[in-house]
$ cat run12.cif   # mmCIF, C-alpha atoms
data_input
#
loop_
_atom_site.group_PDB
_atom_site.id
_atom_site.type_symbol
_atom_site.label_atom_id
_atom_site.label_comp_id
_atom_site.auth_asym_id
_atom_site.auth_seq_id
_atom_site.Cartn_x
_atom_site.Cartn_y
_atom_site.Cartn_z
ATOM 1 C CA MET A 4 0.000 0.000 0.000
ATOM 2 C CA GLU A 5 1.115 3.542 -0.689
ATOM 3 C CA GLY A 6 0.437 6.925 0.864
ATOM 4 C CA GLN A 7 0.468 10.219 -1.003
ATOM 5 C CA ASN A 8 3.284 10.859 -3.520
ATOM 6 C CA GLY A 9 3.690 7.110 -4.027
ATOM 7 C CA ILE A 10 5.572 6.498 -0.771
ATOM 8 C CA LYS A 11 5.071 2.999 0.595
ATOM 9 C CA ILE A 12 3.293 3.000 3.962
ATOM 10 C CA ASN A 13 5.587 2.423 6.965
ATOM 11 C CA SER A 14 8.590 1.971 4.658
ATOM 12 C CA LEU A 15 12.148 3.031 5.491
ATOM 13 C CA LYS A 16 11.741 6.066 3.230
ATOM 14 C CA ALA A 17 8.551 7.011 5.083
ATOM 15 C CA TRP A 18 10.354 6.841 8.437
ATOM 16 C CA MET A 19 13.252 8.879 7.059
ATOM 17 C CA LEU A 20 10.836 11.604 5.970
ATOM 18 C CA ALA A 21 9.044 11.459 9.333
ATOM 19 C CA SER A 22 12.337 11.969 11.182
ATOM 20 C CA ARG A 23 12.743 15.341 9.361
ATOM 21 C CA PRO A 24 16.557 15.230 8.891
ATOM 22 C CA LYS A 25 16.748 18.994 8.286
ATOM 23 C CA THR A 26 15.653 19.665 11.876
ATOM 24 C CA LEU A 27 18.704 17.833 13.232
ATOM 25 C CA THR A 28 20.737 21.019 12.820
ATOM 26 C CA GLY A 29 18.813 22.406 15.795
ATOM 27 C CA ALA A 30 20.039 19.486 17.879
ATOM 28 C CA ALA A 31 23.598 19.673 16.542
ATOM 29 C CA VAL A 32 24.340 23.384 17.027
ATOM 30 C CA PRO A 33 24.315 23.573 20.874
ATOM 31 C CA ILE A 34 26.373 20.360 21.179
ATOM 32 C CA MET A 35 28.779 21.660 18.543
ATOM 33 C CA VAL A 36 29.313 24.926 20.437
ATOM 34 C CA ALA A 37 29.738 23.154 23.789
ATOM 35 C CA ILE A 38 32.314 20.728 22.363
ATOM 36 C CA ALA A 39 34.227 23.600 20.727
ATOM 37 C CA MET A 40 34.359 25.431 24.069
ATOM 38 C CA ALA A 41 35.464 22.260 25.819
ATOM 39 C CA ALA A 42 38.124 21.599 23.157
ATOM 40 C CA MET A 43 39.855 24.812 24.209
ATOM 41 C CA HIS A 44 40.978 22.896 27.320
ATOM 42 C CA MET A 45 42.163 19.794 25.455
ATOM 43 C CA GLU A 46 45.836 20.612 26.022
ATOM 44 C CA GLN A 47 45.221 20.491 29.782
ATOM 45 C CA GLY A 48 43.725 17.018 29.413
ATOM 46 C CA LEU A 49 40.237 18.294 30.353
ATOM 47 C CA PHE A 50 38.362 16.775 27.422
ATOM 48 C CA ARG A 51 36.441 13.478 27.549
ATOM 49 C CA THR A 52 35.491 12.160 24.107
ATOM 50 C CA VAL A 53 32.914 9.497 25.051
ATOM 51 C CA PRO A 54 30.414 11.833 26.783
ATOM 52 C CA ALA A 55 30.764 14.297 23.883
ATOM 53 C CA ILE A 56 29.698 11.580 21.426
ATOM 54 C CA LEU A 57 26.888 10.377 23.724
ATOM 55 C CA CYS A 58 25.534 13.929 24.100
ATOM 56 C CA LEU A 59 25.425 14.364 20.329
ATOM 57 C CA LEU A 60 23.663 11.018 19.818
ATOM 58 C CA PHE A 61 21.207 11.779 22.618
ATOM 59 C CA ALA A 62 20.403 15.190 21.113
ATOM 60 C CA PHE A 63 19.816 13.692 17.649
ATOM 61 C CA THR A 64 17.596 10.912 18.995
ATOM 62 C CA MET A 65 15.546 13.292 21.137
ATOM 63 C CA GLN A 66 15.025 15.592 18.136
ATOM 64 C CA ILE A 67 13.714 12.680 16.063
ATOM 65 C CA ASP A 68 11.570 11.615 19.013
ATOM 66 C CA ALA A 69 10.143 15.141 19.267
ATOM 67 C CA ASN A 70 9.329 15.056 15.544
ATOM 68 C CA PHE A 71 7.492 11.749 15.884
ATOM 69 C CA ILE A 72 5.560 13.011 18.918
ATOM 70 C CA ASN A 73 4.643 16.206 17.082
ATOM 71 C CA ASP A 74 3.577 14.281 13.998
ATOM 72 C CA TYR A 75 1.419 11.823 15.950
ATOM 73 C CA PHE A 76 -0.348 14.177 18.359
ATOM 74 C CA ASP A 77 -0.975 16.926 15.788
ATOM 75 C CA PHE A 78 -2.561 14.305 13.537
ATOM 76 C CA ILE A 79 -4.717 12.966 16.380
ATOM 77 C CA ARG A 80 -5.820 16.527 17.234
ATOM 78 C CA GLY A 81 -6.715 17.148 13.578
ATOM 79 C CA ASN A 82 -4.215 20.003 13.191
ATOM 80 C CA ASP A 83 -2.597 18.589 10.036
ATOM 81 C CA ASP A 84 -5.487 19.212 7.659
ATOM 82 C CA ASP A 85 -5.595 20.732 4.153
ATOM 83 C CA THR A 86 -5.114 24.245 5.557
ATOM 84 C CA ARG A 87 -1.618 23.397 6.835
ATOM 85 C CA LEU A 88 1.053 25.671 5.333
ATOM 86 C CA GLY A 89 4.151 23.912 6.620
ATOM 87 C CA PRO A 90 6.044 20.899 5.239
ATOM 88 C CA ARG A 91 4.044 17.695 4.891
ATOM 89 C CA ARG A 92 3.711 15.360 7.885
ATOM 90 C CA ALA A 93 4.013 11.581 7.736
ATOM 91 C CA CYS A 94 0.730 10.603 9.427
ATOM 92 C CA ALA A 95 -1.316 13.220 7.590
ATOM 93 C CA GLN A 96 0.128 12.115 4.236
ATOM 94 C CA GLY A 97 -0.577 8.468 4.968
ATOM 95 C CA TRP A 98 3.127 7.556 4.834
ATOM 96 C CA ILE A 99 3.005 6.110 8.351
ATOM 97 C CA THR A 100 -0.050 4.791 10.153
ATOM 98 C CA PRO A 101 -0.904 6.379 13.535
ATOM 99 C CA GLU A 102 -0.462 2.996 15.248
ATOM 100 C CA ALA A 103 3.046 2.605 13.786
ATOM 101 C CA MET A 104 3.950 6.204 14.679
ATOM 102 C CA LYS A 105 2.843 5.614 18.266
ATOM 103 C CA LYS A 106 5.156 2.594 18.474
ATOM 104 C CA GLY A 107 7.908 4.567 16.757
ATOM 105 C CA LEU A 108 7.873 7.404 19.274
ATOM 106 C CA ILE A 109 7.953 4.882 22.147
ATOM 107 C CA VAL A 110 10.980 3.151 20.596
ATOM 108 C CA THR A 111 12.887 6.406 19.987
ATOM 109 C CA THR A 112 12.155 7.518 23.558
ATOM 110 C CA LEU A 113 13.602 4.263 24.890
ATOM 111 C CA ILE A 114 16.650 4.515 22.590
ATOM 112 C CA ALA A 115 17.304 8.078 23.802
ATOM 113 C CA CYS A 116 17.127 6.875 27.420
ATOM 114 C CA LEU A 117 19.572 4.033 26.697
ATOM 115 C CA ILE A 118 22.007 6.422 25.008
ATOM 116 C CA GLY A 119 21.786 8.838 27.935
ATOM 117 C CA LEU A 120 22.116 6.207 30.651
ATOM 118 C CA PRO A 121 25.955 5.911 30.503
ATOM 119 C CA LEU A 122 26.196 9.670 31.145
ATOM 120 C CA ILE A 123 25.443 8.896 34.807
ATOM 121 C CA TRP A 124 28.987 7.524 34.959
ATOM 122 C CA TYR A 125 30.390 10.898 33.873
ATOM 123 C CA GLY A 126 27.965 13.368 35.467
ATOM 124 C CA GLY A 127 26.414 11.579 38.421
ATOM 125 C CA ILE A 128 22.864 10.545 39.234
ATOM 126 C CA GLU A 129 21.588 14.076 38.529
ATOM 127 C CA MET A 130 21.908 13.220 34.831
ATOM 128 C CA VAL A 131 18.834 11.012 35.310
ATOM 129 C CA VAL A 132 16.858 14.111 36.311
ATOM 130 C CA VAL A 133 18.103 16.021 33.255
ATOM 131 C CA GLY A 134 17.209 13.128 30.968
ATOM 132 C CA LEU A 135 13.739 12.750 32.458
ATOM 133 C CA LEU A 136 13.101 16.479 32.051
ATOM 134 C CA CYS A 137 14.065 16.247 28.377
ATOM 135 C CA VAL A 138 11.693 13.325 27.810
ATOM 136 C CA VAL A 139 8.773 14.749 29.815
ATOM 137 C CA PHE A 140 8.912 18.207 28.241
ATOM 138 C CA CYS A 141 9.343 16.646 24.806
ATOM 139 C CA PHE A 142 5.817 15.256 25.264
ATOM 140 C CA LEU A 143 4.427 18.275 27.093
ATOM 141 C CA TYR A 144 5.529 20.703 24.375
ATOM 142 C CA THR A 145 3.358 19.165 21.648
ATOM 143 C CA THR A 146 0.464 18.059 23.833
ATOM 144 C CA ASN A 147 0.065 21.187 25.949
ATOM 145 C CA LEU A 148 2.755 23.821 26.374
ATOM 146 C CA SER A 149 2.990 24.886 22.714
ATOM 147 C CA TYR A 150 -0.700 25.837 22.931
ATOM 148 C CA ILE A 151 -0.142 28.309 25.788
ATOM 149 C CA GLY A 152 2.814 30.294 24.459
ATOM 150 C CA MET A 153 5.547 28.342 26.267
ATOM 151 C CA GLY A 154 7.327 27.096 23.152
ATOM 152 C CA ASP A 155 9.962 29.820 22.990
ATOM 153 C CA ILE A 156 10.919 29.424 26.652
ATOM 154 C CA LEU A 157 11.302 25.675 26.165
ATOM 155 C CA VAL A 158 13.562 26.258 23.145
ATOM 156 C CA LEU A 159 15.760 28.576 25.213
ATOM 157 C CA VAL A 160 16.040 25.960 27.956
ATOM 158 C CA PHE A 161 16.187 22.686 26.000
ATOM 159 C CA PHE A 162 18.035 23.893 22.882
ATOM 160 C CA GLY A 163 20.265 26.352 24.706
ATOM 161 C CA ILE A 164 20.952 26.161 28.422
ATOM 162 C CA ILE A 165 20.631 22.408 29.049
ATOM 163 C CA PRO A 166 22.482 20.971 26.015
ATOM 164 C CA VAL A 167 25.333 23.507 26.049
ATOM 165 C CA CYS A 168 25.906 23.571 29.808
ATOM 166 C CA CYS A 169 25.394 19.841 30.384
ATOM 167 C CA THR A 170 27.590 18.809 27.447
ATOM 168 C CA TYR A 171 30.383 21.126 28.559
ATOM 169 C CA TYR A 172 30.121 19.866 32.134
ATOM 170 C CA LEU A 173 30.128 16.204 31.096
ATOM 171 C CA VAL A 174 33.134 16.710 28.826
ATOM 172 C CA THR A 175 35.209 18.888 31.189
ATOM 173 C CA THR A 176 33.670 18.323 34.695
ATOM 174 C CA ASP A 177 33.372 22.106 34.992
ATOM 175 C CA ILE A 178 30.983 24.951 34.172
ATOM 176 C CA THR A 179 31.787 28.633 33.600
ATOM 177 C CA TRP A 180 29.995 31.923 32.974
ATOM 178 C CA PRO A 181 31.130 32.078 29.317
ATOM 179 C CA VAL A 182 29.500 28.659 28.775
ATOM 180 C CA PHE A 183 26.228 29.820 30.305
ATOM 181 C CA ILE A 184 26.196 32.998 28.197
ATOM 182 C CA ALA A 185 26.964 30.934 25.078
ATOM 183 C CA SER A 186 24.014 28.665 25.923
ATOM 184 C CA ILE A 187 21.643 31.662 26.005
ATOM 185 C CA ALA A 188 22.992 32.823 22.614
ATOM 186 C CA CYS A 189 22.414 29.330 21.169
ATOM 187 C CA GLY A 190 18.856 29.245 22.477
ATOM 188 C CA LEU A 191 18.067 32.621 20.894
ATOM 189 C CA VAL A 192 19.420 31.585 17.502
ATOM 190 C CA ILE A 193 17.459 28.317 17.482
ATOM 191 C CA ASP A 194 14.311 30.109 18.620
ATOM 192 C CA THR A 195 14.327 32.046 15.335
ATOM 193 C CA LEU A 196 13.286 28.772 13.690
ATOM 194 C CA LEU A 197 10.263 28.421 15.974
ATOM 195 C CA LEU A 198 9.386 32.086 15.517
ATOM 196 C CA VAL A 199 9.248 31.907 11.737
ATOM 197 C CA ASN A 200 7.343 28.616 11.921
ATOM 198 C CA ASN A 201 4.679 30.143 14.184
ATOM 199 C CA TYR A 202 4.746 33.388 12.171
ATOM 200 C CA ARG A 203 3.783 31.406 9.062
ATOM 201 C CA ASP A 204 1.015 29.532 10.935
ATOM 202 C CA ARG A 205 -0.363 32.496 12.923
ATOM 203 C CA LYS A 206 -3.761 32.630 11.213
ATOM 204 C CA ASN A 207 -4.328 28.871 11.424
ATOM 205 C CA ASP A 208 -3.187 28.854 15.057
ATOM 206 C CA MET A 209 -5.587 31.643 15.971
ATOM 207 C CA ALA A 210 -8.454 29.795 14.283
ATOM 208 C CA ALA A 211 -7.537 26.596 16.152
ATOM 209 C CA GLY A 212 -7.226 28.392 19.511
ATOM 210 C CA LYS A 213 -3.485 27.723 19.713
ATOM 211 C CA HIS A 214 -1.853 30.580 21.623
ATOM 212 C CA THR A 215 1.775 30.863 20.497
ATOM 213 C CA LEU A 216 3.986 33.826 21.326
ATOM 214 C CA VAL A 217 3.354 35.094 17.778
ATOM 215 C CA THR A 218 -0.435 35.157 18.208
ATOM 216 C CA MET A 219 0.039 36.932 21.532
ATOM 217 C CA ILE A 220 2.359 39.743 20.424
ATOM 218 C CA GLY A 221 1.252 40.122 16.786
ATOM 219 C CA GLU A 222 3.056 39.839 13.461
ATOM 220 C CA LYS A 223 4.976 43.155 13.545
ATOM 221 C CA ASN A 224 6.391 42.537 17.008
ATOM 222 C CA THR A 225 7.298 39.009 15.928
ATOM 223 C CA GLU A 226 9.222 40.355 12.953
ATOM 224 C CA TRP A 227 11.277 42.617 15.220
ATOM 225 C CA LEU A 228 11.737 39.827 17.765
ATOM 226 C CA TYR A 229 13.043 37.513 15.053
ATOM 227 C CA LEU A 230 15.626 40.129 14.052
ATOM 228 C CA ALA A 231 16.529 40.915 17.680
ATOM 229 C CA CYS A 232 17.145 37.257 18.568
ATOM 230 C CA GLY A 233 19.946 37.045 16.010
ATOM 231 C CA TRP A 234 21.513 40.378 16.947
ATOM 232 C CA VAL A 235 21.396 39.733 20.700
ATOM 233 C CA ALA A 236 22.833 36.245 20.170
ATOM 234 C CA VAL A 237 25.804 37.646 18.249
ATOM 235 C CA ALA A 238 26.344 40.353 20.891
ATOM 236 C CA LEU A 239 26.415 37.661 23.586
ATOM 237 C CA ASN A 240 28.704 35.591 21.382
ATOM 238 C CA ILE A 241 31.197 38.442 21.108
ATOM 239 C CA ILE A 242 31.167 38.813 24.908
ATOM 240 C CA VAL A 243 31.914 35.085 25.246
ATOM 241 C CA LEU A 244 34.781 35.244 22.749
ATOM 242 C CA TRP A 245 36.228 38.247 24.562
ATOM 243 C CA MET A 246 35.947 36.472 27.933
ATOM 244 C CA VAL A 247 37.790 33.387 26.705
ATOM 245 C CA ASP A 248 40.438 35.573 25.048
ATOM 246 C CA VAL A 249 40.357 34.345 21.453
ATOM 247 C CA HIS A 250 42.151 35.997 18.544
ATOM 248 C CA LEU A 251 40.650 39.319 17.412
ATOM 249 C CA VAL A 252 39.988 37.935 13.927
ATOM 250 C CA ALA A 253 37.847 35.152 15.410
ATOM 251 C CA ILE A 254 35.520 37.676 17.052
ATOM 252 C CA GLY A 255 34.509 38.926 13.606
ATOM 253 C CA LEU A 256 33.360 35.524 12.302
ATOM 254 C CA PRO A 257 29.838 35.646 13.825
ATOM 255 C CA ALA A 258 29.225 38.847 11.829
ATOM 256 C CA ILE A 259 28.840 36.616 8.747
ATOM 257 C CA TYR A 260 25.839 34.965 10.384
ATOM 258 C CA LEU A 261 24.436 38.373 11.278
ATOM 259 C CA ILE A 262 24.496 39.518 7.641
ATOM 260 C CA MET A 263 22.678 36.359 6.527
ATOM 261 C CA HIS A 264 20.181 36.583 9.384
ATOM 262 C CA THR A 265 19.325 40.188 8.560
ATOM 263 C CA ARG A 266 18.829 39.385 4.864
ATOM 264 C CA THR A 267 16.525 36.502 5.781
ATOM 265 C CA TRP A 268 14.551 38.810 8.076
ATOM 266 C CA ARG A 269 14.032 41.295 5.233
ATOM 267 C CA LYS A 270 12.683 38.530 2.987
ATOM 268 C CA MET A 271 10.430 37.315 5.783
ATOM 269 C CA VAL A 272 8.905 40.777 6.199
ATOM 270 C CA GLU A 273 8.433 41.126 2.430
ATOM 271 C CA ILE A 274 6.712 37.728 2.059
ATOM 272 C CA ASN A 275 4.652 38.217 5.248
ATOM 273 C CA ARG A 276 2.302 35.252 4.849
ATOM 274 C CA GLY A 277 1.561 32.013 3.035
ATOM 275 C CA LYS A 278 3.436 28.868 2.055
ATOM 276 C CA THR A 279 6.274 30.918 0.586
ATOM 277 C CA LEU A 280 7.444 31.454 4.173
ATOM 278 C CA ASN A 281 8.680 27.849 4.052
ATOM 279 C CA LEU A 282 11.580 29.346 2.075
ATOM 280 C CA ILE A 283 12.371 31.528 5.108
ATOM 281 C CA LEU A 284 12.117 28.456 7.331
ATOM 282 C CA GLY A 285 14.776 26.739 5.228
ATOM 283 C CA GLN A 286 17.023 29.802 5.200
ATOM 284 C CA THR A 287 16.664 30.190 8.971
ATOM 285 C CA ALA A 288 17.714 26.555 9.487
ATOM 286 C CA ARG A 289 20.707 27.178 7.213
ATOM 287 C CA ASN A 290 21.647 30.362 9.107
ATOM 288 C CA MET A 291 21.338 28.508 12.403
ATOM 289 C CA PHE A 292 23.783 25.826 11.288
ATOM 290 C CA ILE A 293 26.208 28.430 9.928
ATOM 291 C CA TYR A 294 26.038 30.186 13.316
ATOM 292 C CA GLY A 295 27.092 26.936 14.995
ATOM 293 C CA VAL A 296 29.950 26.376 12.559
ATOM 294 C CA LEU A 297 31.233 29.971 12.774
ATOM 295 C CA THR A 298 30.995 30.058 16.575
ATOM 296 C CA SER A 299 32.823 26.751 16.858
ATOM 297 C CA LEU A 300 35.541 27.924 14.458
ATOM 298 C CA SER A 301 35.972 31.207 16.312
ATOM 299 C CA LEU A 302 36.419 29.314 19.584
ATOM 300 C CA LEU A 303 38.898 26.845 18.091
ATOM 301 C CA LEU A 304 40.922 29.654 16.484
#

$ encode --input "run12.cif" --output "structure tokens"
Amino acid sequence: MEGQNGIKINSLKAWMLASRPKTLTGAAVPIMVAIAMAAMHMEQGLFRTVPAILCLLFAFTMQIDANFINDYFDFIRGNDDDTRLGPRRACAQGWITPEAMKKGLIVTTLIACLIGLPLIWYGGIEMVVVGLLCVVFCFLYTTNLSYIGMGDILVLVFFGIIPVCCTYYLVTTDITWPVFIASIACGLVIDTLLLVNNYRDRKNDMAAGKHTLVTMIGEKNTEWLYLACGWVAVALNIIVLWMVDVHLVAIGLPAIYLIMHTRTWRKMVEINRGKTLNLILGQTARNMFIYGVLTSLSLLL
């Protein structure tokens, strides 16, 4: 049997599409930055490779898990109908049956827990608490919190503070103010992706009674917030680079991201509404990854 676009139901290709590979950049960037900051201490022998790899694998698996959860529960709620403007979802397109998706999200949750379990050896029993928070809020985001304007706060915490600070701590057994500031910057950059996603869906969300930050503050304020997130992130980034005493040339690297971010913002304002904003979504994901690469390079320089 086949779903829409001739994709075989519950096939490997269907699962690959459901995992949304492009979203994995959001999981990679904070780990990338944390590892780059930790690598600065490699000469002192304060770098543990195994927890760095485990953190990256855990982040990837949790991102896929979040995508499956989002796909399943939005389909059950009836949110993925013909009015949807965003990229196609697996359950709604008939690529994966709801029963299979339910099993899939359970399996990915268990895999994430198994990957994270060895981190207790490196970070202590408190890593169990961190892991449980990631899993619980992964479910709560789609099922409840995204409907009451909490999405952006969760991005700041779970795509900024927790992955950057925890990864750095597990790799180096230490935590510093520059790391914490860098985690806030990461969270702001990744939140631009959620902002443009909710900006595109604002009319549908209002009709469905979904109260995102965008529906609360309005489209114009969202446009300025999107721009500000990138600029504030780069300002924080420069502070971090100054605090860790990198080469002056390295401090200028994040400016490349800022140019791209500002150009994307201008296009977003010009387009304003409709499916064409998916182009801005793609460009924002690209900018986000470039931010991670440039920040990591500037730290390693």

$ residues_around --input "run12.cif" --residues "Asn281 (chain A)" --least-positions-apart "2" --cutoff "10 Å" --atoms "only C-alpha atoms" --output "MDAnalysis selection string"
chainID A and resid 88:90 199:200 203 271 276:279 283:287

$ write_last_selection --input "run12.cif" --atoms "C-alpha atoms" --output "JSON list (two decimals), in the coordinates of the input"
[["chain", "number", "residue", "atom", "x", "y", "z"],
["A", 88, "LEU", "CA", 1.05, 25.67, 5.33],
["A", 89, "GLY", "CA", 4.15, 23.91, 6.62],
["A", 90, "PRO", "CA", 6.04, 20.90, 5.24],
["A", 199, "VAL", "CA", 9.25, 31.91, 11.74],
["A", 200, "ASN", "CA", 7.34, 28.62, 11.92],
["A", 203, "ARG", "CA", 3.78, 31.41, 9.06],
["A", 271, "MET", "CA", 10.43, 37.32, 5.78],
["A", 276, "ARG", "CA", 2.30, 35.25, 4.85],
["A", 277, "GLY", "CA", 1.56, 32.01, 3.04],
["A", 278, "LYS", "CA", 3.44, 28.87, 2.06],
["A", 279, "THR", "CA", 6.27, 30.92, 0.59],
["A", 283, "ILE", "CA", 12.37, 31.53, 5.11],
["A", 284, "LEU", "CA", 12.12, 28.46, 7.33],
["A", 285, "GLY", "CA", 14.78, 26.74, 5.23],
["A", 286, "GLN", "CA", 17.02, 29.80, 5.20],
["A", 287, "THR", "CA", 16.66, 30.19, 8.97]]

$ atom_distance --input "run12.cif" --atom1 "CA of Thr215 (chain A)" --atom2 "CA of Ile156 (chain A)"
11.1 Å

$ closest_residue --input "run12.cif" --among "A:Met104, A:Met291, A:Ala211, A:Val110" --to "Leu197 (chain A)" --atoms "all atoms listed in the file"
A:Met291

$ atom_distance --input "run12.cif" --atom1 "CA of Ala42 (chain A)" --atom2 "CA of Leu261 (chain A)"
24.7 Å

$ resolve_selection --input "run12.cif" --expression "the PyMOL selection byres ((chain A and resi 134) around 10)" --output "mmCIF file with C-alpha atoms, keeping the file's coordinate frame"
data_model
loop_
_atom_site.group_PDB
_atom_site.id
_atom_site.type_symbol
_atom_site.label_atom_id
_atom_site.label_comp_id
_atom_site.auth_asym_id
_atom_site.auth_seq_id
_atom_site.Cartn_x
_atom_site.Cartn_y
_atom_site.Cartn_z
ATOM 1 C CA PHE A 61 21.207 11.779 22.618
ATOM 2 C CA MET A 65 15.546 13.292 21.137
ATOM 3 C CA ALA A 115 17.304 8.078 23.802
ATOM 4 C CA CYS A 116 17.127 6.875 27.420
ATOM 5 C CA GLY A 119 21.786 8.838 27.935
ATOM 6 C CA LEU A 120 22.116 6.207 30.651
ATOM 7 C CA LEU A 122 26.196 9.670 31.145
ATOM 8 C CA GLU A 129 21.588 14.076 38.529
ATOM 9 C CA MET A 130 21.908 13.220 34.831
ATOM 10 C CA VAL A 131 18.834 11.012 35.310
ATOM 11 C CA VAL A 132 16.858 14.111 36.311
ATOM 12 C CA VAL A 133 18.103 16.021 33.255
ATOM 13 C CA LEU A 135 13.739 12.750 32.458
ATOM 14 C CA LEU A 136 13.101 16.479 32.051
ATOM 15 C CA CYS A 137 14.065 16.247 28.377
ATOM 16 C CA VAL A 138 11.693 13.325 27.810
ATOM 17 C CA VAL A 139 8.773 14.749 29.815
#

$ closest_residue --input "run12.cif" --among "A:Leu303, A:Ile220, A:Leu108, A:Leu228" --to "Leu198 (chain A)" --atoms "only C-alpha atoms"
A:Leu228

$ residues_near_point --input "run12.cif" --point "(10.1, 12.4, 17.3)" --cutoff "8 Å" --atoms "only C-alpha atoms" --output "count of residues only"
14

$ closest_residue --input "run12.cif" --among "A:Gly295, A:Pro181, A:Pro101, A:Gly190" --to "Asp248 (chain A)" --atoms "all atoms listed in the file"
A:Pro181

$ closest_residue --input "run12.cif" --among "A:Arg92, A:Val53, A:Leu60, A:Leu191" --to "Ala238 (chain A)" --atoms "only C-alpha atoms"
A:Leu191

$ residues_around --input "run12.cif" --residues "Gly255 (chain A)" --least-positions-apart "2" --cutoff "12 Å" --atoms "only C-alpha atoms" --output "list in words"
Val237, Ala238, Asn240, Ile241, Ile242, Leu244, Trp245, Val249, His250, Leu251, Val252, Ala253, Pro257, Ala258, Ile259, Tyr260, Leu261, Ile262, Leu297, Thr298, Leu300, Ser301, Leu302 and Leu304 of chain A

$ closest_residue --input "run12.cif" --among "A:Ile118, A:Leu157, A:Leu49, A:Ile164" --to "Asp194 (chain A)" --atoms "all atoms listed in the file"
A:Leu157

$ closest_residue --input "run12.cif" --among "A:Val247, A:Lys25, A:Glu102, A:Ala231" --to "His264 (chain A)" --atoms "all atoms listed in the file"
A:Ala231

$ atom_distance --input "run12.cif" --atom1 "CA of Glu273 (chain A)" --atom2 "CA of Asn290 (chain A)"
18.3 Å

$ resolve_selection --input "run12.cif" --expression "the PyMOL selection byres ((chain A and resi 216) around 9)" --output "ChimeraX atom specification"
/A:151-155,198,201,214-215,217-221,225

$ write_last_selection --input "run12.cif" --atoms "C-alpha atoms" --output "compact mmCIF listing (two decimals), in the coordinates of the input"
# COMPACT_ATOMS: atom_id res chain seq x y z
CA ILE A 151 -0.14 28.31 25.79
CA GLY A 152 2.81 30.29 24.46
CA MET A 153 5.55 28.34 26.27
CA GLY A 154 7.33 27.10 23.15
CA ASP A 155 9.96 29.82 22.99
CA LEU A 198 9.39 32.09 15.52
CA ASN A 201 4.68 30.14 14.18
CA HIS A 214 -1.85 30.58 21.62
CA THR A 215 1.78 30.86 20.50
CA VAL A 217 3.35 35.09 17.78
CA THR A 218 -0.44 35.16 18.21
CA MET A 219 0.04 36.93 21.53
CA ILE A 220 2.36 39.74 20.42
CA GLY A 221 1.25 40.12 16.79
CA THR A 225 7.30 39.01 15.93

$ resolve_selection --input "run12.cif" --expression "the PyMOL selection byres ((chain A and resi 171) around 10)" --output "VMD selection string"
chain A and resid 34 36 to 42 50 to 51 54 to 55 58 165 to 170 172 to 179 182 to 183

$ axis_aligned_box --input "run12.cif" --around "region 194-200 of chain A" --padding-each-side "4 Å" --output "JSON"
{"center_x": 10.8, "center_y": 30.3, "center_z": 15.2, "size_x": 15.0, "size_y": 11.7, "size_z": 14.9}
